[in-house]
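Trainee: Got a structure here, written out as structure tokens. Questions coming.
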Amino acid sequence: MISLTLPDGSIREVAEGTTGLQFAQSIGKRLAGDALAISLNGRTTDLNIPLTASSEIRILTFKDPEGRAVLRHSCGHVMAQAVMDLFPGAAPAAGDWADERYFYDFQVSRPFTAEDLQKIEQRMTEICQADVPFKRMELPADQALQALGSTRNLFKEEIIGDLAGQGQVISCYSQGDWVDLCLGAHVPSTGKIAAFKLLMTAGAYWHGDESNPQLQRIYLTAFPSRKELDEYLSQIEEAKKRDHRKLGQELDLFTISSDVGSGLVLWMPKGAALRFELETFLRGKLVEYGYQTVYTPHIGKLDLYRTSGHFPYYKDSQFPPIHMNEHGAEAEDSEEGYLLKPMNCPHHIKIYEATPKSYRDLPYRLAEFGTVYRYEQSGELSGMTRVRGFTQDDAHLFVTPDQLEEELQRTVDLVLFILRSLDFKDYRIRFGKRDPQSEKFGGSAGLWDRAESNIRNVLRGMNMDFSEEAGEAAFYGPKIDFVVRDCLNREWQLGTVQVDYVLPERFDLKYIGSDGSPHRPIMIHRAPFGSLERFVGILIEHFAGAFPAWLAPVQVRILPVVDEVLPYAEKVYAACRAHGFRTELDSRAEKIGYKIRAAETEKVPFMLVVGRREAESGSVSLRKRTQGDLGTLPLEETIGKLRGELARPAE
RNA sequence: GCCGGGAUAGCUCAGUCGGUAGAGCAACGGUUUCGUAAACCGUGGGUCCGGGGUUCGAAUCCCCGUCUCGGCUCCA
């Protein structure tokens, strides 16, 4: 007998050799039916494997993230079989899952078409209906290669070679006579896959490396029932309605014109009002946190960016330099010239250097809404979230070593305050570290170790959840990134805080310490919004265009019921503007219902309906978006009420 | 940058087999003066993304380019 410990702590004795499925059946018929796999001591395992030792066990169903992954993974194998049935020349490479989706990459003579996908789905349905069992085999490398049969190809050989080299057991799974190399786990049989859909195709590089051949990827998802699949698909459709590119156009927030250039955002009056409000909000905080505001130009000499390292490191993703000499003529020396600034730090460093600094001057905090230009790859551009010109709410803090961690904490506090004020709860914190294997990172290993431990100390001290990710650092230092997802579930970095020992060294920055001798300051780069463009793009999606009243481009709209009251409506309009409310007057000869509908769809938070009654009594009928009529109030009282409703958040 | 999809009125989209380009909404004009989510009638509006080709004839077929969308890769 062996004993199995369930998640609730209860322990059950079963005969050695009992399978996970039999155990699930002993608990309940329903559970056994829903079971997709088991988790044994935290490892996901097939249901039909005999249990040989006492363990902690969880029966995995679709409710468990691991269970979902198993179902979709198994569906991926069914897809691979279907692809090979229909395209005998196809070479399956590898698959994996990401979020709700599973993908499998194939090398094929031509990319898959929409019609191909339909045929593949049809073949998959046949395989699932046949309810073919998945069987696991563990084999030595040479036998595994044999076992693969028609699935064998250069990709599989490479993977088996790597696994064998690491001395790992090689496992394969078969469904019927089709075999694939696979770690597992899988559902017991293809019949468990009740509902699936091939979502999209894409080109993808082998091992994710651009220098490798490009394969054709198919994404799919699977659910235990048709109903759940349909719900998922309609959720995606629903989410697309929040897309900032769509809402940005509908609400007249921004536009991008190919005549100006790809990735160059034109802020329309309403988008600009929103941005201005965000900037004003942050400016208030900057004073409180001891920042000094500066302004710097949009270009700088090439040599400046050679010193900082930006030019050599990011040569391929910058607008080409403006080659000209001091006389305004085209430079003969192609090394001479100016660059559109890709970062604000070098300019701020020059402000730091402009006057001698002592330890009494530090922390020295310089802030600027600085617009930078980067020539992003054409395939990367996306609305406001990935652009070629954007404004960072940037700041650089020059600090002494003993000030560093406290200042870091204050910058993180500021970012958290901003996110909280805008009701962002769904973000993750990424601690981006250097990848020691990569040459992309400047400075000595010792400096990096110090910077990384500074960040770790601060994040731990603040009790934050974060994930450490190698290779995600900036070239000059490690960073804390605040990462959110857009309506299509793509991740974007918003706020960032970076520790930098490298640029102070490259620029030979100094301050005079209390000992009278020169010391090297440390820099913190930080931007709570990150890029105003990206932040506003995400903000549009976050609020689905219905911004909190203090941010709304139009906060109040006056809706006269009949033409006769237009003079009174004008008076109300003027009173609202006099109090700084962003107000519009809808004087069209339309019925009141029409005007209300327009204001509602344009997401105006407050509507002031004025008719004869209001004009006579000097009042307004207040309507709040989505809530409806709030009743009639004297004009003065309404304005007082709106002042409160439209105030910026404070803390 | 790479792979694939797309581009028709301000917006959303239809356009059959290659035969003179359409709808709804919006805009504009008129009528209506109306009380909390769409009054009625009328009018204007097109480089069918750009260039080339095939054809008696191209929005439609072919080629090149641009922009855009979904992925991949990249992201200071």
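Chain identifiers are assigned as A, B, and so on, following the order in which chains appear in the structure tokens; residues are numbered from 1 within each chain, and ligands are numbered from 1 in order of appearance.
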Only residues of chain A matter here; which ones have an atom within 7 Å of chain B, counting only C-alpha atoms (C1' of nucleotides)? Give them as a list of chain:residue names.
Mentor: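 Written out as asked, the residues are A:Ala202, A:Gly203, A:Ala204, A:Tyr205, A:Glu210, A:Ser258, A:His310, A:Met343, A:Gln377, A:Ala474, A:Phe475, A:Val561, A:Val562, A:Asp563, A:Lys591, A:Gly593, A:Tyr594, A:Ile596, A:Arg597, A:Asp629.
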Trainee: If you run DSSP on the backbone, which residues of range 312-505 of chain A are strand (DSSP E), as a ChimeraX atom specification?
Mentor: /A:338-340,364-373,389-399,427-433,467-470,479-485,491-500
Trainee: What parts of range 269-430 of chain A does DSSP call helix (DSSP H, G or I)? I'd like the answer as a count of residues only.
Mentor: 71
Trainee: Can you tell me which residues surround Gly432 in chain A at a distance of at most 8 Å, considering only C-alpha atoms (C1' of nucleotides), apart from same-chain residues fewer than 3 positions away, and format the answer as a ChimeraX atom specification?
Mentor: /A:468-474,478-481
Trainee: Near Lys241 in chain A, within 9 Å and counting only C-alpha atoms (C1' of nucleotides), which residues show up once chain neighbours fewer than 3 positions away are dropped, as an mmCIF file with all heavy atoms, in the first residue's frame?
Mentor:
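Okay, this is what ended up in part-v5.cif:
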data_model
loop_
_atom_site.group_PDB
_atom_site.id
_atom_site.type_symbol
_atom_site.label_atom_id
_atom_site.label_comp_id
_atom_site.auth_asym_id
_atom_site.auth_seq_id
_atom_site.Cartn_x
_atom_site.Cartn_y
_atom_site.Cartn_z
ATOM 1 N N GLU A 237 -13.627 38.717 -28.852
ATOM 2 C CA GLU A 237 -14.293 39.713 -29.697
ATOM 3 C C GLU A 237 -14.675 40.943 -28.877
ATOM 4 O O GLU A 237 -14.533 42.077 -29.327
ATOM 5 C CB GLU A 237 -15.550 39.110 -30.341
ATOM 6 C CG GLU A 237 -15.251 38.103 -31.440
ATOM 7 C CD GLU A 237 -14.225 38.613 -32.449
ATOM 8 O OE1 GLU A 237 -14.442 39.698 -33.015
ATOM 9 O OE2 GLU A 237 -13.186 37.943 -32.658
ATOM 10 N N GLU A 238 -15.165 40.686 -27.684
ATOM 11 C CA GLU A 238 -15.567 41.768 -26.791
ATOM 12 C C GLU A 238 -14.355 42.641 -26.436
ATOM 13 O O GLU A 238 -14.406 43.862 -26.464
ATOM 14 C CB GLU A 238 -16.185 41.155 -25.530
ATOM 15 C CG GLU A 238 -17.135 42.036 -24.772
ATOM 16 C CD GLU A 238 -18.238 42.631 -25.644
ATOM 17 O OE1 GLU A 238 -18.751 41.935 -26.569
ATOM 18 O OE2 GLU A 238 -18.570 43.795 -25.402
ATOM 19 N N HIS A 244 -7.268 50.383 -28.327
ATOM 20 C CA HIS A 244 -7.051 51.834 -28.291
ATOM 21 C C HIS A 244 -6.979 52.434 -29.687
ATOM 22 O O HIS A 244 -7.246 53.614 -29.877
ATOM 23 C CB HIS A 244 -5.792 52.172 -27.490
ATOM 24 C CG HIS A 244 -4.510 51.910 -28.213
ATOM 25 N ND1 HIS A 244 -3.929 50.666 -28.278
ATOM 26 C CD2 HIS A 244 -3.699 52.729 -28.922
ATOM 27 C CE1 HIS A 244 -2.815 50.736 -28.984
ATOM 28 N NE2 HIS A 244 -2.651 51.966 -29.388
ATOM 29 N N LYS A 246 -8.901 51.555 -32.192
ATOM 30 C CA LYS A 246 -10.297 51.727 -32.584
ATOM 31 C C LYS A 246 -10.930 52.876 -31.785
ATOM 32 O O LYS A 246 -11.507 53.800 -32.357
ATOM 33 C CB LYS A 246 -11.017 50.404 -32.290
ATOM 34 C CG LYS A 246 -12.444 50.297 -32.709
ATOM 35 C CD LYS A 246 -12.906 48.875 -32.377
ATOM 36 C CE LYS A 246 -14.400 48.792 -32.196
ATOM 37 N NZ LYS A 246 -15.117 48.935 -33.474
ATOM 38 N N LEU A 247 -10.763 52.834 -30.455
ATOM 39 C CA LEU A 247 -11.354 53.874 -29.615
ATOM 40 C C LEU A 247 -10.694 55.223 -29.846
ATOM 41 O O LEU A 247 -11.345 56.261 -29.799
ATOM 42 C CB LEU A 247 -11.244 53.487 -28.132
ATOM 43 C CG LEU A 247 -12.171 52.359 -27.684
ATOM 44 C CD1 LEU A 247 -11.849 51.931 -26.261
ATOM 45 C CD2 LEU A 247 -13.620 52.805 -27.779
ATOM 46 N N CYS A 487 -5.572 44.781 -24.624
ATOM 47 C CA CYS A 487 -6.834 44.057 -24.832
ATOM 48 C C CYS A 487 -6.613 42.766 -25.603
ATOM 49 O O CYS A 487 -7.466 41.888 -25.581
ATOM 50 C CB CYS A 487 -7.852 44.953 -25.531
ATOM 51 S SG CYS A 487 -7.418 45.302 -27.239
ATOM 52 N N GLU A 541 -7.534 51.558 -23.234
ATOM 53 C CA GLU A 541 -8.064 50.193 -23.168
ATOM 54 C C GLU A 541 -8.506 49.859 -21.747
ATOM 55 O O GLU A 541 -9.526 49.191 -21.541
ATOM 56 C CB GLU A 541 -7.006 49.204 -23.664
ATOM 57 C CG GLU A 541 -6.617 49.509 -25.104
ATOM 58 C CD GLU A 541 -5.782 48.439 -25.777
ATOM 59 O OE1 GLU A 541 -5.420 47.448 -25.104
ATOM 60 O OE2 GLU A 541 -5.501 48.596 -26.976
ATOM 61 N N ALA A 544 -11.685 51.436 -21.353
ATOM 62 C CA ALA A 544 -12.525 51.275 -22.537
ATOM 63 C C ALA A 544 -13.011 52.637 -23.042
ATOM 64 O O ALA A 544 -14.130 52.785 -23.515
ATOM 65 C CB ALA A 544 -13.701 50.341 -22.253
#
Trainee: At what distance in Å, to one decimal, does CA of Gly300 in chain A lie from CA of Tyr314 in chain A?
Mentor: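 Distance between the two atoms: 15.4 Å.
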Trainee: Determine, counting only C-alpha atoms (C1' of nucleotides), which protein, DNA and RNA residues have an atom within 6 Å of an atom of range 546-557 of chain A; residues of the same chain fewer than 5 positions away are not included. Present the result as a list in words.
Mentor: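 Answer for this query is Lys270, Ala273, Leu274, Arg582, Thr583, Glu584, Leu585, Lys603, Val604, Pro605, Phe606, Met607, Leu646, Ala647 and Arg648 of chain A.
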Trainee: Within 10 Å of Asp303 in chain A, counting only C-alpha atoms (C1' of nucleotides), which residues show up once you throw out same-chain ones fewer than 2 positions away? Write them as an MDAnalysis selection string, please.
Mentor: chainID A and resid 300:301 305:309 311 335:339
